[in-house]
Number of protein chains: 2
Amino acid sequence: MADQSSDITNGIEQVILDGDKGSTDQQLKAEQKKAAKAEKAKQHGLGKAEAKKPTNKAGPKKGDAGKALISVTATKEEDFPSWYQQTLTKGDMLDYYDVSGCYILKPAAWHIWETIQDWFNVKIKATGVRNCAFPLFVSQDVLEKEKAHIEGFAAEVAWVTHAGKSQLEKKIAIRPTSETVMYPYYAKWIRSHRDLPLQLNQWNSVVRWEFKHPMPFLRTREFHWQEGHCAHLTKEGCAEEVMRILGFYAGVYEELLAVPVVQGRKTDKERFAGGDYTTTVEGYIPATGRGIQAGTSHLLGQNFAKMFGIVVEDPSVKEGEKKPPIHVWQNSWGLSTRTIGIMVMIHGDNRGLVMPPRVAEIQVVIVPVGITAKTSQEERESLYSQVDAIATILKAVNIRVETDKREGYSPGFKFNEWEQKGVPLRLELGPKDVADHSVTTSRRDIEGNAGKGKIPITELNTEVPAFLEKIQADMYSRAEQNFRSHRVQVTNWDDFVPALNSKNLVLIPFCLAEECEDEIKELSTRKEVGDVPQDEKAPSMGAKSLCIPFEQPEGIVPGETKCANPNCKRLAEKWCMFGRSY
Amino acid sequence: MADQSSDITNGIEQVILDGDKGSTDQQLKAEQKKAAKAEKAKQHGLGKAEAKKPTNKAGPKKGDAGKALISVTATKEEDFPSWYQQTLTKGDMLDYYDVSGCYILKPAAWHIWETIQDWFNVKIKATGVRNCAFPLFVSQDVLEKEKAHIEGFAAEVAWVTHAGKSQLEKKIAIRPTSETVMYPYYAKWIRSHRDLPLQLNQWNSVVRWEFKHPMPFLRTREFHWQEGHCAHLTKEGCAEEVMRILGFYAGVYEELLAVPVVQGRKTDKERFAGGDYTTTVEGYIPATGRGIQAGTSHLLGQNFAKMFGIVVEDPSVKEGEKKPPIHVWQNSWGLSTRTIGIMVMIHGDNRGLVMPPRVAEIQVVIVPVGITAKTSQEERESLYSQVDAIATILKAVNIRVETDKREGYSPGFKFNEWEQKGVPLRLELGPKDVADHSVTTSRRDIEGNAGKGKIPITELNTEVPAFLEKIQADMYSRAEQNFRSHRVQVTNWDDFVPALNSKNLVLIPFCLAEECEDEIKELSTRKEVGDVPQDEKAPSMGAKSLCIPFEQPEGIVPGETKCANPNCKRLAEKWCMFGRSY
């Protein structure tokens, strides 16, 4: 294939174009060049192997030559950023794109997002939320109407100034979020308290042209999310919905992605600009010991309503009576494809992706094994037809199944490839299994013999669905234990930084004051001179507050317990979770 | 409500900002001002009525004062553009936005799009297509790589030049379509014939900054669509998929939207730039007699593959043999929210929207009736609880049902409002119906007594679903007959323009030559001086070719039948459908 090597070189160049990704790219570049070279050799080998007509000999297994090279080579422990990048690209979830900070979400990733959409749509629609679509563009005047709000986004707004060769009369922004896009219309549409609640949601992408390191799924210039925006007559109704949605977000993580989260409220310093308060689900990445904001639901209060004039007549007004109109109460809430990145970081291992069964595009792969030089053409065909029969059985019970009957690849090569893609369950079928009326099972989430077993063929239709649910539950359970053991309570400041350095999130009694939060960050930052590679950077970061968990441990004595910041003289209000974070 | 009048004025200003919409806006403006004034009066009336506590008297029905004014006032026959605009906005499908050419798709519209997505996803996924997401942005170099292709879009590309206050090093385009976004990655990902077919689709929005009159759903600067892009080893496999997808597009129109379409192939003049040929589904708007392109599926051939270097080794190559690599065969296909506009234009009437039941967000509305001054509080409550009971029955059989128990509005006012929204079936329940153990039915698609009937309450759970399916079928059948009777075959040129003027699409024997097509357009254009209002414009437009229908009438004698263009000396190749069009 003439263009193969240059294609791969293109791939590398795209990674390099993405120049703000730090010095690890240099290592990766060299590594990828080596891999590309070997890949090319492999391709040639495969080309020949493929051309061979089926014989009654086993395939030549030339594909195996490239096995190590196409595998994830970085380890999660030693080089987490490279591991993450390789796991995503080699696992066929994502590719780099030639516009920096933008990524291609491949079908395996998009399937997860569609699964989240379907699940979440059912939940929100049952509570009266309706989906809609507002434009991508927003005029400068409208965007800048709410000052406190836009301050948080101004530096990152992408501006369209030309169409074709014509300069636009006024530049137009691409939405960084849709509060100011939507609320002028809420003012127009909401004419009576009967029009409340107005509960709208949209699934779209927004653009924030960040100049920090981009990172697939976690920090991208265009990202996909849903943004819900509701208006209520009362604060209570509005606040209830904030919490209800937060519960759904926790459900997306816990029920679909097998990811544990802590629910809580952001401190004033960390809340959404322009709103009253922000609730959040916070995750934890064990490999780096960092916290990660996983989804937020905001009570906006009446701030935007006042700015945009969203009012209704007071329904308690009596005939002839005069009462001022009521500003509506608003909330907004968003969950993004960051979900997918968090899931990968938590569950992936050094063999690549590990997909929770409920969101895996392919839940089960069936690989024929035990074909040797002695296997006759008839025996081979019989085995293949049994593989297909098992696939049919599983499809009938709505299992997403794939078969891998490719010739010229060894079972080991195939195992490696499907493991890299994170397929939760592999079924192997060989002559011995057939004789035994069973299949050999290998679960992706548990390595080695501990993850192996057998299922009678007659029980596949019930056992496989149950097994997938068990894998899902086990994945959650392990992640949950891991997270729990890395949330430590600290009351003595001397233990704070060491706890962070041991990859923990840290709960401290906290006064909730913003200046105290700044100070804690400062006190926990390791001062260094010059640049350090990204994966070395985490330990030097200061800790910030992640949330005030709704589930508060005991131990704060009102009027007695002090804030954990040694320089703070205030009393502690709440246990607050701090951590280095994404 | 203090801000009410200014809110409504804002609405009008938005329409006016949308300044390129032609002179009909001026009329609309005056009309809307009048309506706004009356609306304000109505609001005040309602405000008082709402404040009243429930009594055993019938509501004051002050709301009815505004009835005519909030209704669609333009008629489909006399002022189609205003009718269309009012039908969409008053029917709660869409609102105008303060960036010209962009529109807000409200939940009723988005529900239709989601229904299309769900239906289409099932179809394409069953054939191996996988959804994914490529970025919104494309670099200038990549965008302009395929010359013939970009020529069609260049004048309409929106360019991002700034992020925050920083000027970007290189301007970046917002995708007008994703061929050039995606195909560099096809070149990278497709390494062997085993990687084929590669079948990807994305649901997204694209931007084409047109400077012509924008029109909701039909011609908008940002529009939502799906774009499928597949690569195959053989032309046959690729072409088969082109047709399969076209069949799905016809299915979206015929099965979901109750809209008849003609399937065919575009002439060379009208095909997609850069591709081999384009297949299309063509619709017909009876009110204007114009054709409308409703969805296209393109065989791109190997053109893009050559440009982007998408090649595989020839699988027929034998060991030691040398054969050149094969360029893959590609297709692309797109269906947009134009679907919704076409549906509205075909089915809507002078009372507003008429929704086909399968896509209606609300399929059934239940309105309590017969409440008079003599009705006791108990009787009223009993009636309401029976309304709720019926809703529960219908929800249990998956009917999307709404009840309207608002006080202070007369049944007539409510009827009008739900009719305007196009709800396919209204159930009325009054004391007489209760006594009779039945509900009164009124179908939206048939006006007056002909559309009325009764259903026993005990049979609602089976009769209502069946009735909705009957409405769906009837709507399609009427539209189909209408379209059929307006496709006329013409062999004598003298009949061509009169047939167009009688709101027909016209099938003529045609030579398929591009210059002949230009000439037919020229010959059928009514020459006029100066601007004419948009709704007067259609009759002056020249006819263009819409498609060469796959279903060819008889009558062309090879080597004998002449092209219908009187100035053309060539023989006719095919019957070709011409028409004035959107």
# chains A, B, ... in the order shown; residues from 1 in each chain; ligands from 1

$ residues_around --residues "stretch 396-403 of chain B" --least-positions-apart "5" --cutoff "10 Å" --atoms "only C-alpha atoms" --output "mmCIF file with N, CA, C and O atoms, in the first residue's frame"
data_model
loop_
_atom_site.group_PDB
_atom_site.id
_atom_site.type_symbol
_atom_site.label_atom_id
_atom_site.label_comp_id
_atom_site.auth_asym_id
_atom_site.auth_seq_id
_atom_site.Cartn_x
_atom_site.Cartn_y
_atom_site.Cartn_z
ATOM 1 N N PRO B 357 -50.008 12.161 13.213
ATOM 2 C CA PRO B 357 -49.959 11.571 14.567
ATOM 3 C C PRO B 357 -48.618 10.937 14.938
ATOM 4 O O PRO B 357 -48.195 11.037 16.082
ATOM 5 N N ALA B 360 -46.353 13.790 16.077
ATOM 6 C CA ALA B 360 -46.905 14.837 16.941
ATOM 7 C C ALA B 360 -46.434 14.654 18.380
ATOM 8 O O ALA B 360 -46.550 13.564 18.933
ATOM 9 N N GLU B 361 -45.884 15.720 18.963
ATOM 10 C CA GLU B 361 -45.466 15.648 20.365
ATOM 11 C C GLU B 361 -46.680 15.378 21.253
ATOM 12 O O GLU B 361 -46.611 14.600 22.192
ATOM 13 N N ILE B 362 -47.790 16.036 20.950
ATOM 14 C CA ILE B 362 -49.061 15.749 21.623
ATOM 15 C C ILE B 362 -49.992 15.158 20.570
ATOM 16 O O ILE B 362 -50.292 15.805 19.573
ATOM 17 N N GLN B 363 -50.433 13.933 20.786
ATOM 18 C CA GLN B 363 -51.282 13.271 19.798
ATOM 19 C C GLN B 363 -52.763 13.493 20.076
ATOM 20 O O GLN B 363 -53.573 13.551 19.162
ATOM 21 N N VAL B 364 -53.087 13.593 21.350
ATOM 22 C CA VAL B 364 -54.486 13.712 21.758
ATOM 23 C C VAL B 364 -54.591 14.766 22.856
ATOM 24 O O VAL B 364 -53.783 14.769 23.785
ATOM 25 N N VAL B 365 -55.573 15.651 22.728
ATOM 26 C CA VAL B 365 -55.846 16.561 23.832
ATOM 27 C C VAL B 365 -57.282 16.314 24.302
ATOM 28 O O VAL B 365 -58.181 16.104 23.485
ATOM 29 N N ILE B 366 -57.444 16.273 25.609
ATOM 30 C CA ILE B 366 -58.781 16.063 26.166
ATOM 31 C C ILE B 366 -59.264 17.373 26.784
ATOM 32 O O ILE B 366 -58.590 17.936 27.657
ATOM 33 N N VAL B 367 -60.413 17.840 26.316
ATOM 34 C CA VAL B 367 -60.953 19.109 26.812
ATOM 35 C C VAL B 367 -62.321 18.860 27.457
ATOM 36 O O VAL B 367 -63.216 18.319 26.813
ATOM 37 N N PRO B 368 -62.458 19.222 28.732
ATOM 38 C CA PRO B 368 -63.784 19.114 29.362
ATOM 39 C C PRO B 368 -64.713 20.193 28.774
ATOM 40 O O PRO B 368 -64.275 21.320 28.558
ATOM 41 N N TYR B 384 -63.647 16.541 35.780
ATOM 42 C CA TYR B 384 -62.183 16.629 35.676
ATOM 43 C C TYR B 384 -61.521 15.296 36.008
ATOM 44 O O TYR B 384 -60.541 14.907 35.389
ATOM 45 N N VAL B 387 -61.773 13.131 33.089
ATOM 46 C CA VAL B 387 -60.796 13.557 32.074
ATOM 47 C C VAL B 387 -59.426 12.948 32.390
ATOM 48 O O VAL B 387 -58.756 12.388 31.515
ATOM 49 N N ASP B 388 -59.056 13.032 33.655
ATOM 50 C CA ASP B 388 -57.762 12.467 34.061
ATOM 51 C C ASP B 388 -57.725 10.948 33.882
ATOM 52 O O ASP B 388 -56.706 10.379 33.491
ATOM 53 N N ILE B 390 -59.317 9.203 31.695
ATOM 54 C CA ILE B 390 -59.160 8.899 30.269
ATOM 55 C C ILE B 390 -57.703 9.105 29.840
ATOM 56 O O ILE B 390 -57.136 8.300 29.098
ATOM 57 N N ALA B 391 -57.101 10.155 30.339
ATOM 58 C CA ALA B 391 -55.690 10.395 30.021
ATOM 59 C C ALA B 391 -54.829 9.220 30.479
ATOM 60 O O ALA B 391 -53.919 8.776 29.769
ATOM 61 N N VAL B 423 -52.657 19.500 17.020
ATOM 62 C CA VAL B 423 -52.878 18.226 17.718
ATOM 63 C C VAL B 423 -53.878 17.377 16.915
ATOM 64 O O VAL B 423 -54.998 17.817 16.642
ATOM 65 N N LEU B 425 -55.869 14.813 17.320
ATOM 66 C CA LEU B 425 -57.186 14.355 17.778
ATOM 67 C C LEU B 425 -57.571 15.040 19.083
ATOM 68 O O LEU B 425 -56.791 15.056 20.038
ATOM 69 N N ARG B 426 -58.779 15.596 19.092
ATOM 70 C CA ARG B 426 -59.306 16.197 20.316
ATOM 71 C C ARG B 426 -60.434 15.326 20.839
ATOM 72 O O ARG B 426 -61.287 14.883 20.065
ATOM 73 N N LEU B 427 -60.406 15.065 22.127
ATOM 74 C CA LEU B 427 -61.517 14.363 22.767
ATOM 75 C C LEU B 427 -62.227 15.383 23.653
ATOM 76 O O LEU B 427 -61.583 16.091 24.427
ATOM 77 N N LEU B 460 -61.710 3.127 24.286
ATOM 78 C CA LEU B 460 -60.686 4.135 23.998
ATOM 79 C C LEU B 460 -59.301 3.526 23.820
ATOM 80 O O LEU B 460 -58.540 3.943 22.949
ATOM 81 N N ASN B 461 -58.973 2.553 24.647
ATOM 82 C CA ASN B 461 -57.613 2.004 24.625
ATOM 83 C C ASN B 461 -57.256 1.305 23.316
ATOM 84 O O ASN B 461 -56.086 1.192 22.969
ATOM 85 N N THR B 462 -58.268 0.856 22.582
ATOM 86 C CA THR B 462 -57.969 0.262 21.269
ATOM 87 C C THR B 462 -58.344 1.211 20.130
ATOM 88 O O THR B 462 -57.650 1.290 19.123
ATOM 89 N N VAL B 464 -58.552 4.608 20.018
ATOM 90 C CA VAL B 464 -57.756 5.827 19.817
ATOM 91 C C VAL B 464 -56.456 5.536 19.046
ATOM 92 O O VAL B 464 -56.167 6.212 18.062
ATOM 93 N N PRO B 465 -55.698 4.503 19.451
ATOM 94 C CA PRO B 465 -54.494 4.205 18.649
ATOM 95 C C PRO B 465 -54.848 3.905 17.186
ATOM 96 O O PRO B 465 -54.153 4.359 16.275
ATOM 97 N N LEU B 468 -55.740 7.152 15.363
ATOM 98 C CA LEU B 468 -54.559 7.956 15.030
ATOM 99 C C LEU B 468 -53.870 7.395 13.784
ATOM 100 O O LEU B 468 -53.426 8.154 12.913
#

$ closest_atom_pairs --of "chain B" --to "chain A" --cutoff "6 Å" --atoms "only C-alpha atoms" --output "CSV"
residue,atom,partner,partner_atom,distance
B:Met1,CA,A:Glu313,CA,5.5
B:Asp7,CA,A:Lys188,CA,5.2
B:Ala51,CA,A:Lys318,CA,5.8
B:Ile104,CA,A:Phe134,CA,4.8
B:Leu105,CA,A:Ala133,CA,5.1
B:Lys106,CA,A:Cys132,CA,5.1
B:Pro107,CA,A:Cys132,CA,4.7
B:Trp110,CA,A:Cys132,CA,5.2
B:Arg130,CA,A:Pro107,CA,5.8
B:Asn131,CA,A:Pro107,CA,5.5
B:Cys132,CA,A:Pro107,CA,4.7
B:Ala133,CA,A:Leu105,CA,5.0
B:Phe134,CA,A:Ile104,CA,4.8
B:Ala154,CA,A:Gly164,CA,5.8
B:Ala155,CA,A:Gly164,CA,4.1
B:Glu156,CA,A:Gly164,CA,5.0
B:Val157,CA,A:Gly164,CA,5.0
B:Ala158,CA,A:Ala163,CA,4.3
B:Trp159,CA,A:His162,CA,5.2
B:Val160,CA,A:Val160,CA,4.2
B:His162,CA,A:Trp159,CA,5.2
B:Ala163,CA,A:Ala158,CA,4.4
B:Gly164,CA,A:Ala155,CA,4.1
B:Lys188,CA,A:Asp7,CA,5.3
B:Glu313,CA,A:Met1,CA,5.6
B:Lys318,CA,A:Ala51,CA,5.7

$ residues_around --residues "A:Glu514" --least-positions-apart "3" --cutoff "7 Å" --atoms "only C-alpha atoms" --output "PDB file with N, CA and C atoms, in the first residue's frame"
ATOM      1  N   ASP A 268     -18.587  29.206  47.434  1.00  0.00           N
ATOM      2  CA  ASP A 268     -18.868  30.434  46.688  1.00  0.00           C
ATOM      3  C   ASP A 268     -17.780  30.733  45.658  1.00  0.00           C
ATOM      4  N   LYS A 269     -16.556  30.435  46.020  1.00  0.00           N
ATOM      5  CA  LYS A 269     -15.447  30.691  45.105  1.00  0.00           C
ATOM      6  C   LYS A 269     -15.579  29.868  43.816  1.00  0.00           C
ATOM      7  N   GLU A 517      -9.845  29.855  51.186  1.00  0.00           N
ATOM      8  CA  GLU A 517      -9.681  28.873  50.131  1.00  0.00           C
ATOM      9  C   GLU A 517      -8.437  29.201  49.295  1.00  0.00           C
ATOM     10  N   ASP A 518      -8.271  30.491  48.996  1.00  0.00           N
ATOM     11  CA  ASP A 518      -7.080  30.924  48.254  1.00  0.00           C
ATOM     12  C   ASP A 518      -5.814  30.565  49.023  1.00  0.00           C
TER      13      ASP A 518
END

$ select_by_dssp --residues "stretch 341-495 of chain B" --states "alpha helix (DSSP H)" --output "PyMOL selection string"
chain B and resi 341-347+377-396+411-420+431-435+460-485

$ atom_distance --atom1 "atom CA of A:Trp203" --atom2 "atom CA of B:Lys395"
26.2 Å

$ residues_around --residues "B:Ile457" --least-positions-apart "4" --cutoff "10 Å" --atoms "only C-alpha atoms" --output "list in words"
Ile390, Ile393, Asp433, Val434, Asp436, His437, Ser438, Val439, Thr440, Asn461 and Glu463 of chain B

$ write_last_selection --atoms "N, CA and C atoms" --output "JSON list (two decimals), in the first residue's frame"
[["chain", "number", "residue", "atom", "x", "y", "z"],
["B", 390, "ILE", "N", -59.32, 9.20, 31.69],
["B", 390, "ILE", "CA", -59.16, 8.90, 30.27],
["B", 390, "ILE", "C", -57.70, 9.11, 29.84],
["B", 393, "ILE", "N", -55.78, 6.10, 30.86],
["B", 393, "ILE", "CA", -56.04, 4.98, 29.94],
["B", 393, "ILE", "C", -55.18, 5.11, 28.69],
["B", 433, "ASP", "N", -71.68, 13.45, 27.41],
["B", 433, "ASP", "CA", -70.82, 12.33, 27.02],
["B", 433, "ASP", "C", -70.71, 11.33, 28.15],
["B", 434, "VAL", "N", -70.56, 11.87, 29.37],
["B", 434, "VAL", "CA", -70.43, 10.97, 30.52],
["B", 434, "VAL", "C", -71.67, 10.10, 30.66],
["B", 436, "ASP", "N", -73.55, 9.23, 28.43],
["B", 436, "ASP", "CA", -73.58, 8.34, 27.28],
["B", 436, "ASP", "C", -72.43, 7.33, 27.28],
["B", 437, "HIS", "N", -71.58, 7.39, 28.32],
["B", 437, "HIS", "CA", -70.38, 6.54, 28.42],
["B", 437, "HIS", "C", -69.49, 6.62, 27.18],
["B", 438, "SER", "N", -69.37, 7.82, 26.66],
["B", 438, "SER", "CA", -68.52, 7.97, 25.47],
["B", 438, "SER", "C", -67.84, 9.34, 25.46],
["B", 439, "VAL", "N", -66.91, 9.54, 24.54],
["B", 439, "VAL", "CA", -66.32, 10.87, 24.33],
["B", 439, "VAL", "C", -66.62, 11.32, 22.91],
["B", 440, "THR", "N", -66.67, 12.62, 22.73],
["B", 440, "THR", "CA", -66.82, 13.18, 21.39],
["B", 440, "THR", "C", -65.44, 13.38, 20.80],
["B", 461, "ASN", "N", -58.97, 2.55, 24.65],
["B", 461, "ASN", "CA", -57.61, 2.00, 24.63],
["B", 461, "ASN", "C", -57.26, 1.30, 23.32],
["B", 463, "GLU", "N", -59.45, 1.94, 20.31],
["B", 463, "GLU", "CA", -59.96, 2.80, 19.22],
["B", 463, "GLU", "C", -59.07, 4.01, 18.96]]

$ atom_distance --atom1 "atom CA of B:Glu480" --atom2 "atom CA of B:Phe467"
19.6 Å

$ atom_distance --atom1 "atom CA of A:Gly451" --atom2 "atom CA of A:Leu257"
20.4 Å

$ closest_atom_pairs --of "stretch 297-382 of chain B" --to "stretch 271-280 of chain B" --cutoff "10 Å" --atoms "only C-alpha atoms" --output "tab-separated table"
residue	atom	partner	partner_atom	distance
B:Ser297	CA	B:Thr279	CA	5.2
B:His298	CA	B:Thr278	CA	4.3
B:Leu299	CA	B:Tyr277	CA	5.4
B:Leu300	CA	B:Gly275	CA	3.8
B:Gly301	CA	B:Asp276	CA	5.4
B:Gln302	CA	B:Gly275	CA	8.4
B:Asn303	CA	B:Gly274	CA	6.8
B:Phe304	CA	B:Gly274	CA	7.5
B:Gln330	CA	B:Gly275	CA	8.9
B:Asn331	CA	B:Gly275	CA	8.3
B:Ser332	CA	B:Gly275	CA	9.1
B:Trp333	CA	B:Thr278	CA	9.1

$ write_last_selection --atoms "N, CA, C and O atoms" --output "short mmCIF file (atom, residue, chain, number, x, y, z; two decimals), in the first residue's frame"
data_model
loop_
_atom_site.label_atom_id
_atom_site.label_comp_id
_atom_site.auth_asym_id
_atom_site.auth_seq_id
_atom_site.Cartn_x
_atom_site.Cartn_y
_atom_site.Cartn_z
N SER B 297 -28.90 11.59 -1.73
CA SER B 297 -27.95 10.52 -1.46
C SER B 297 -27.02 10.44 -2.67
O SER B 297 -27.48 10.21 -3.79
N HIS B 298 -25.73 10.68 -2.43
CA HIS B 298 -24.79 10.85 -3.54
C HIS B 298 -23.84 9.67 -3.69
O HIS B 298 -23.26 9.22 -2.70
N LEU B 299 -23.62 9.25 -4.91
CA LEU B 299 -22.48 8.39 -5.19
C LEU B 299 -21.31 9.32 -5.53
O LEU B 299 -21.34 10.00 -6.55
N LEU B 300 -20.34 9.36 -4.64
CA LEU B 300 -19.21 10.28 -4.86
C LEU B 300 -18.19 9.68 -5.81
O LEU B 300 -17.32 10.39 -6.32
N GLY B 301 -18.28 8.38 -6.03
CA GLY B 301 -17.29 7.73 -6.88
C GLY B 301 -15.94 7.68 -6.19
O GLY B 301 -15.86 7.52 -4.97
N GLN B 302 -14.87 7.81 -6.99
CA GLN B 302 -13.51 7.72 -6.44
C GLN B 302 -12.82 9.07 -6.40
O GLN B 302 -11.63 9.17 -6.09
N ASN B 303 -13.60 10.09 -6.69
CA ASN B 303 -13.04 11.43 -6.81
C ASN B 303 -12.36 11.91 -5.52
O ASN B 303 -11.19 12.30 -5.51
N PHE B 304 -13.10 11.84 -4.42
CA PHE B 304 -12.52 12.26 -3.14
C PHE B 304 -11.41 11.30 -2.70
O PHE B 304 -10.42 11.72 -2.11
N GLN B 330 -16.94 5.95 -2.62
CA GLN B 330 -17.58 6.64 -1.50
C GLN B 330 -18.98 7.14 -1.83
O GLN B 330 -19.29 7.41 -3.00
N ASN B 331 -19.77 7.24 -0.80
CA ASN B 331 -21.07 7.91 -0.95
C ASN B 331 -21.26 8.85 0.23
O ASN B 331 -20.58 8.74 1.25
N SER B 332 -22.16 9.80 0.06
CA SER B 332 -22.56 10.64 1.19
C SER B 332 -24.03 10.98 1.01
O SER B 332 -24.55 10.95 -0.11
N TRP B 333 -24.70 11.26 2.13
CA TRP B 333 -26.16 11.42 2.07
C TRP B 333 -26.61 12.25 3.25
O TRP B 333 -26.09 12.13 4.35
#

$ select_by_dssp --residues "stretch 208-262 of chain A" --states "strand (DSSP E or B)" --output "PyMOL selection string"
chain A and resi 215+219+222-232+262

$ residues_around --residues "A:Gly251" --least-positions-apart "4" --cutoff "10 Å" --atoms "only C-alpha atoms" --output "number ranges by chain"
A: 116, 119-120, 245-247, 255-261

$ closest_residue --among "B:Phe510, B:Trp329, B:Phe308, B:Ala250" --to "B:Leu233" --atoms "only C-alpha atoms"
B:Trp329

$ residues_around --residues "B:Gly542" --least-positions-apart "3" --cutoff "12 Å" --atoms "only C-alpha atoms" --output "count of residues only"
25

$ residues_around --residues "A:Pro553" --least-positions-apart "4" --cutoff "12 Å" --atoms "only C-alpha atoms" --output "list in words"
Arg487, Val488, Gln489, Val490, Leu507, Ile508, Pro509, Ile548, Pro549, Val557, Lys574, Trp575, Cys576 and Met577 of chain A

$ write_last_selection --atoms "N, CA, C and O atoms" --output "tab-separated table (two decimals), in the first residue's frame"
chain	number	residue	atom	x	y	z
A	487	ARG	N	-10.66	9.07	50.18
A	487	ARG	CA	-11.23	10.30	50.74
A	487	ARG	C	-10.90	10.27	52.22
A	487	ARG	O	-11.49	9.50	52.96
A	488	VAL	N	-9.93	11.08	52.59
A	488	VAL	CA	-9.51	11.00	53.99
A	488	VAL	C	-9.89	12.28	54.73
A	488	VAL	O	-9.89	13.37	54.17
A	489	GLN	N	-10.24	12.09	56.00
A	489	GLN	CA	-10.58	13.24	56.85
A	489	GLN	C	-9.32	13.71	57.55
A	489	GLN	O	-8.61	12.91	58.15
A	490	VAL	N	-9.06	14.98	57.44
A	490	VAL	CA	-7.86	15.57	58.07
A	490	VAL	C	-8.30	16.74	58.93
A	490	VAL	O	-9.06	17.59	58.47
A	507	LEU	N	-10.88	15.72	53.16
A	507	LEU	CA	-11.99	16.42	53.80
A	507	LEU	C	-11.48	17.15	55.04
A	507	LEU	O	-10.88	16.52	55.92
A	508	ILE	N	-11.71	18.44	55.08
A	508	ILE	CA	-11.27	19.20	56.26
A	508	ILE	C	-12.43	20.05	56.80
A	508	ILE	O	-13.32	20.44	56.05
A	509	PRO	N	-12.39	20.33	58.09
A	509	PRO	CA	-13.35	21.30	58.63
A	509	PRO	C	-12.97	22.66	58.05
A	509	PRO	O	-11.80	23.04	58.08
A	548	ILE	N	-18.66	20.80	49.00
A	548	ILE	CA	-19.10	20.56	50.38
A	548	ILE	C	-20.06	19.38	50.27
A	548	ILE	O	-21.19	19.54	49.81
A	549	PRO	N	-19.60	18.17	50.61
A	549	PRO	CA	-20.45	16.99	50.38
A	549	PRO	C	-21.77	17.11	51.14
A	549	PRO	O	-21.81	17.61	52.27
A	557	VAL	N	-17.92	20.33	65.80
A	557	VAL	CA	-18.69	20.81	66.95
A	557	VAL	C	-18.97	22.30	66.75
A	557	VAL	O	-18.03	23.10	66.72
A	574	LYS	N	-18.42	23.57	57.78
A	574	LYS	CA	-18.74	22.28	57.14
A	574	LYS	C	-17.46	21.50	56.89
A	574	LYS	O	-16.38	22.10	56.78
A	575	TRP	N	-17.58	20.20	56.70
A	575	TRP	CA	-16.52	19.42	56.09
A	575	TRP	C	-16.51	19.78	54.60
A	575	TRP	O	-17.56	19.73	53.95
A	576	CYS	N	-15.36	20.15	54.10
A	576	CYS	CA	-15.26	20.48	52.68
A	576	CYS	C	-14.21	19.58	52.04
A	576	CYS	O	-13.16	19.32	52.63
A	577	MET	N	-14.52	19.08	50.83
A	577	MET	CA	-13.59	18.17	50.15
A	577	MET	C	-12.65	18.99	49.26
A	577	MET	O	-13.10	19.72	48.38
